[in-house]
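A.B. asks: The following block contains the structure, expressed as structure tokens.
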Amino acid sequence: MKKALIATSIAALAFGSYMAIGSYEQFKNMKEDKRVMLFFMEKAFMDTVAIEPQLEPPHWQDGIAAMHGEKIYQAQCAACHGTKGWGDNPMFPRLKGQPYQYTINQVKSFASGHRNGANAIMMKEIAANLNEHDLYNVAIYLEHADLDIASMTAPIKGFKLPDSGQLQNATETFGEDSDYIKHPRSISVKGQVAVDNNTQLMWTRENQGGMRLSEAAMHCGDLSTGGYNDWRLPTIKELQTIADYKNSKPAADTNIFTGIPVMGPAGFWGTPVQPIDNNTNSGWHVGFPDGHVMGYSNDGYKNVFCTRSESGQYLIPQLSDNQNGTVTDDVTGLIWQQATTNNHTWEGALQQCNSLDLAGKKWRLPSYPELISVLDYTRTRPAIDTSIFTENDTTGFYWTSTSDVIDGTNSLGALFMAEPERNETAQESFKISNNRAWGVSVDEGGAWRFKKDSEYSVRCVADE
């Protein structure tokens with residue numbers, strides 16, 4: 001009898017309406033559905049085999065959240081609730097399998113003092129240590145505690161980082177984007193879908209329309225087109241690989257991707273969710289008028305391209321410290337300067353990397369897609385692995401070798417879309433019109449275009 005009373009009390013505590021042992025009136029007055037829930041939670045405690053709630057299959061993006069949530073859970077929660085949230089100690093309820101919103105609500109109730117009882121003081125302290133983003137990650141992990149995180153967050157097999165697409169020259173100084181053609185854009189069209197032969201990603205060709213971030217994730221998850229039903233929202237890195245930086249309004253190949261607005265809300269959603277500018281409900285987007293990367297509230301509306309891959313995703317760098325002032329990313333094969341230098345104009349940044357003498361490598365200023373590739377969008381402030389990159393300017397932006405195709409050169413986009421060969425007349429026009437280049441924030445991961453006589457930081461890159 002005593003064990004049953006303890007179990008009932010713990011079950012009630014887990015449900016969010018703590019009931020002192022013996023408080024029969026409170027139990028009797030509960031709505032039937034709550035009494036049924038308590039009965040099954042008590043049964044789960046008493047039985048040797050717990051009853052698993054029937055949950056929706058995890059979205060692909062849940063793998064990223066669960067990866068981080070598991071680390072936090074093991075550090076702060078596992079000692080009481082068990083390594084997988086089973087609640088092995090009878091003093092603490094089982095958390096494994098609870099819907100993520102339920103866990104979030106209960107932790108918030110402890111944090112606000114609304115919930116009380118035997119564990120309230122301890123739980124309030126733990127809740128105070130979890131920010132909104134950490135709490136979301138922990139809750140996702142508990143909902144899908146047996147998720148195959150490793151396969152969901154692994155790099156894509158056969159992945160190659162595409163060039164930016166920029167072929168125009170903007171300066172006589174060697175080292176700009178167009179001076180290094182490594183993986184020219186190669187996208188095949190197969191009916192309603194497009195296949196990127198570099199990234200191995202498949203894309204919906206048509207803009208799926210404007211919607212909120214959560215709606216976009218559900219839409220892609222429910223999509224069945226091209227004979228596939230495992231579509232998902234792209235990561236912000238994946239989405240940037242289809243932006244074409246020889247063009248603007250839109251910065252994309254409109255022979256392949258259709259329905260891209262050139263005015264007004266022309267951004268497209270990317271993941272993962274991150275706390276941007278103190279907003280814990282933000283996603284990422286690529287603005288296709290020019291190709292900028294920026295955070296945006298998930299309550300707002302953005303457009304949608306869905307993607308799929310046969311294996312993994314393009315999001316998290318696989319970094320190793322070479323112990324010689326350089327870092328290798330196994331995802332892209334690029335080698336990075338570990339340290340950084342500050343206060344360079346764009347031309348000065350090109351020259352700085354051209355003259356760098358380090359580890360016997362030929363260094364250059366990274367292109368826009370290359371600099372984005374080394375960022376880790378599962379982190380923020382800074383959005384880079386500081387255990388390997390120990391010297392980072394997180395107050396400003398870093399130069400890329402990619403110039404901005406401004407409005408005055410829009411006609412060049414159409415020219416190079418039709419004829420990607422070099423064109424001297426177009427190049428001269430580009431030199432005259434262009435005075436901005438792309439910069440990337442290591443602090444948050446956003447990117448914007450800046451006047452080339454501005455001064456920003458530099459991290460150089462080399463090929464294997």
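Going by the structure tokens order, chains are called A, B, ..., each with residues numbered from 1, while ligands are numbered from 1 in the order shown.
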Within 7 Å of Ile256 of chain A, counting only C-alpha atoms, which residues show up once you throw out same-chain ones fewer than 2 positions away? Write them as a ChimeraX atom specification, please.
C.D. replies: /A:189,205,253-254,258
A.B. asks: For segment 350-352 of chain A, list every protein, DNA or RNA residue within 10 Å, evaluated using only C-alpha atoms, and leave out those in the same chain fewer than 2 positions away; present the list as a short mmCIF file (atom, residue, chain, number, x, y, z; two decimals) with C-alpha atoms, in the first residue's frame.
C.D. replies:
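As written to disk, part-v9.cif reads:
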```cif
data_model
loop_
_atom_site.label_atom_id
_atom_site.label_comp_id
_atom_site.auth_asym_id
_atom_site.auth_seq_id
_atom_site.Cartn_x
_atom_site.Cartn_y
_atom_site.Cartn_z
CA THR A 173 44.48 41.92 -56.81
CA PHE A 174 44.81 38.16 -57.03
CA GLY A 175 42.91 35.99 -54.58
CA GLU A 176 39.27 37.00 -55.03
CA THR A 341 44.03 39.10 -37.66
CA HIS A 344 41.83 44.86 -42.75
CA THR A 345 40.13 46.44 -45.71
CA TRP A 346 38.90 43.96 -48.32
CA GLU A 347 41.93 44.48 -50.55
CA GLY A 348 44.13 44.25 -47.47
CA ASN A 354 48.25 35.82 -50.13
CA SER A 355 51.34 36.58 -48.05
CA LEU A 356 50.63 34.26 -45.10
CA ASP A 357 53.51 31.88 -44.37
CA TRP A 363 46.69 30.51 -48.29
CA ARG A 364 43.84 32.61 -49.61
CA LEU A 365 40.84 34.57 -48.38
CA PRO A 366 37.88 32.16 -48.14
CA TRP A 399 35.87 39.26 -44.85
CA THR A 400 35.17 36.76 -47.62
CA SER A 401 36.63 36.88 -51.13
CA VAL A 458 40.49 37.80 -41.47
CA ARG A 459 40.86 34.03 -41.16
CA CYS A 460 42.66 32.46 -44.14
#
```
A.B. asks: I'd like to know which of A:Glu172, A:Thr340, A:Gly295, A:Asn435 is closest to Tyr456 of chain A, using only C-alpha atoms.
C.D. replies: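 Going through A:Glu172, A:Thr340, A:Gly295, A:Asn435 one by one, the smallest distance to Tyr456 of chain A is for A:Thr340.
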A.B. asks: My list of candidates is A:Thr153, A:Thr241, A:Thr307, A:Asn324. Which is closest to Trp203 of chain A when distances are computed with only C-alpha atoms?
C.D. replies: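 Looking only at the distances to Trp203 of chain A, the closest residue turns out to be A:Thr307.
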A.B. asks: Mind the document's chain letters and residue numbers, and return as a list in words the residues of segment 114-209 of chain A that DSSP labels strand (DSSP E).
C.D. replies: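 Taking segment 114-209 of chain A and keeping strand (DSSP E) only, one gets Ile187, Ser188, Val189, Lys190, Val193, Ala194, Val195, Asp196, Met202, Trp203 and Thr204 of chain A.
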A.B. asks: Output N, CA and C atoms for every residue in the selection just made, as an mmCIF file, in the first residue's frame.
C.D. replies:
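Generated output (result.cif):
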```
data_model
loop_
_atom_site.group_PDB
_atom_site.id
_atom_site.type_symbol
_atom_site.label_atom_id
_atom_site.label_comp_id
_atom_site.auth_asym_id
_atom_site.auth_seq_id
_atom_site.Cartn_x
_atom_site.Cartn_y
_atom_site.Cartn_z
ATOM 1 N N ILE A 187 23.935 21.201 -61.150
ATOM 2 C CA ILE A 187 22.632 20.784 -60.656
ATOM 3 C C ILE A 187 21.826 20.198 -61.809
ATOM 4 N N SER A 188 21.357 18.983 -61.616
ATOM 5 C CA SER A 188 20.568 18.293 -62.641
ATOM 6 C C SER A 188 19.083 18.411 -62.313
ATOM 7 N N VAL A 189 18.282 18.609 -63.324
ATOM 8 C CA VAL A 189 16.834 18.711 -63.164
ATOM 9 C C VAL A 189 16.183 17.386 -63.532
ATOM 10 N N LYS A 190 15.353 16.894 -62.619
ATOM 11 C CA LYS A 190 14.601 15.664 -62.862
ATOM 12 C C LYS A 190 13.140 15.916 -62.512
ATOM 13 N N VAL A 193 12.027 17.898 -59.230
ATOM 14 C CA VAL A 193 13.124 17.986 -58.267
ATOM 15 C C VAL A 193 14.427 18.317 -58.974
ATOM 16 N N ALA A 194 15.386 18.819 -58.175
ATOM 17 C CA ALA A 194 16.719 19.131 -58.669
ATOM 18 C C ALA A 194 17.732 18.395 -57.807
ATOM 19 N N VAL A 195 18.769 17.887 -58.434
ATOM 20 C CA VAL A 195 19.804 17.135 -57.735
ATOM 21 C C VAL A 195 21.121 17.878 -57.865
ATOM 22 N N ASP A 196 21.699 18.262 -56.717
ATOM 23 C CA ASP A 196 22.993 18.933 -56.714
ATOM 24 C C ASP A 196 24.082 17.863 -56.744
ATOM 25 N N MET A 202 19.041 16.671 -52.736
ATOM 26 C CA MET A 202 17.941 16.799 -53.687
ATOM 27 C C MET A 202 17.018 17.894 -53.188
ATOM 28 N N TRP A 203 16.481 18.689 -54.124
ATOM 29 C CA TRP A 203 15.678 19.856 -53.759
ATOM 30 C C TRP A 203 14.338 19.855 -54.486
ATOM 31 N N THR A 204 13.319 20.411 -53.828
ATOM 32 C CA THR A 204 12.105 20.772 -54.558
ATOM 33 C C THR A 204 12.436 21.999 -55.387
#
```
A.B. asks: Measuring between only C-alpha atoms, which one of A:Ser112, A:Asn129, A:Gln166, A:Thr83 shows the shortest distance to Asn247 of chain A?
C.D. replies: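 Under the stated criterion, the closest residue is A:Gln166.
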A.B. asks: Excluding Thr386 of chain A and its own-chain neighbours fewer than 3 positions away, which residues fall within 12 Å of it when counting only C-alpha atoms? Please give them as a list of chain:residue names.
C.D. replies: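 My reading of the contact set: A:Leu319, A:Asp321, A:Val327, A:Gln338, A:Ala339, A:Val374, A:Leu375, A:Asp376, A:Arg379, A:Thr380, A:Arg381, A:Pro382, A:Ala383, A:Phe389, A:Thr390, A:Glu391, A:Asn392, A:Asp393, A:Thr394, A:Val442, A:Asp443.
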A.B. asks: Measure the distance from atom CA of Thr199 of chain A to atom CA of Phe397 of chain A in Å and round it to one decimal.
C.D. replies: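 Atom-to-atom, atom CA of Thr199 of chain A to atom CA of Phe397 of chain A, that is 26.5 Å.
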A.B. asks: Residues near Lys160 of chain A, anyone? I mean within 12 Å using only C-alpha atoms, not counting same-chain ones fewer than 5 positions away, as a list in words.
C.D. replies: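 These residues fall inside the cut-off: Pro155, Lys182, His183, Pro184, Arg185, Ser186, Asp196, Asn197, Asn198, Thr199, Gln200, Leu201, Glu238, Thr241, Tyr314, Asp330, Val331, Thr332, Gly333, Leu334, Pro369, Glu370 and Ser373 of chain A.
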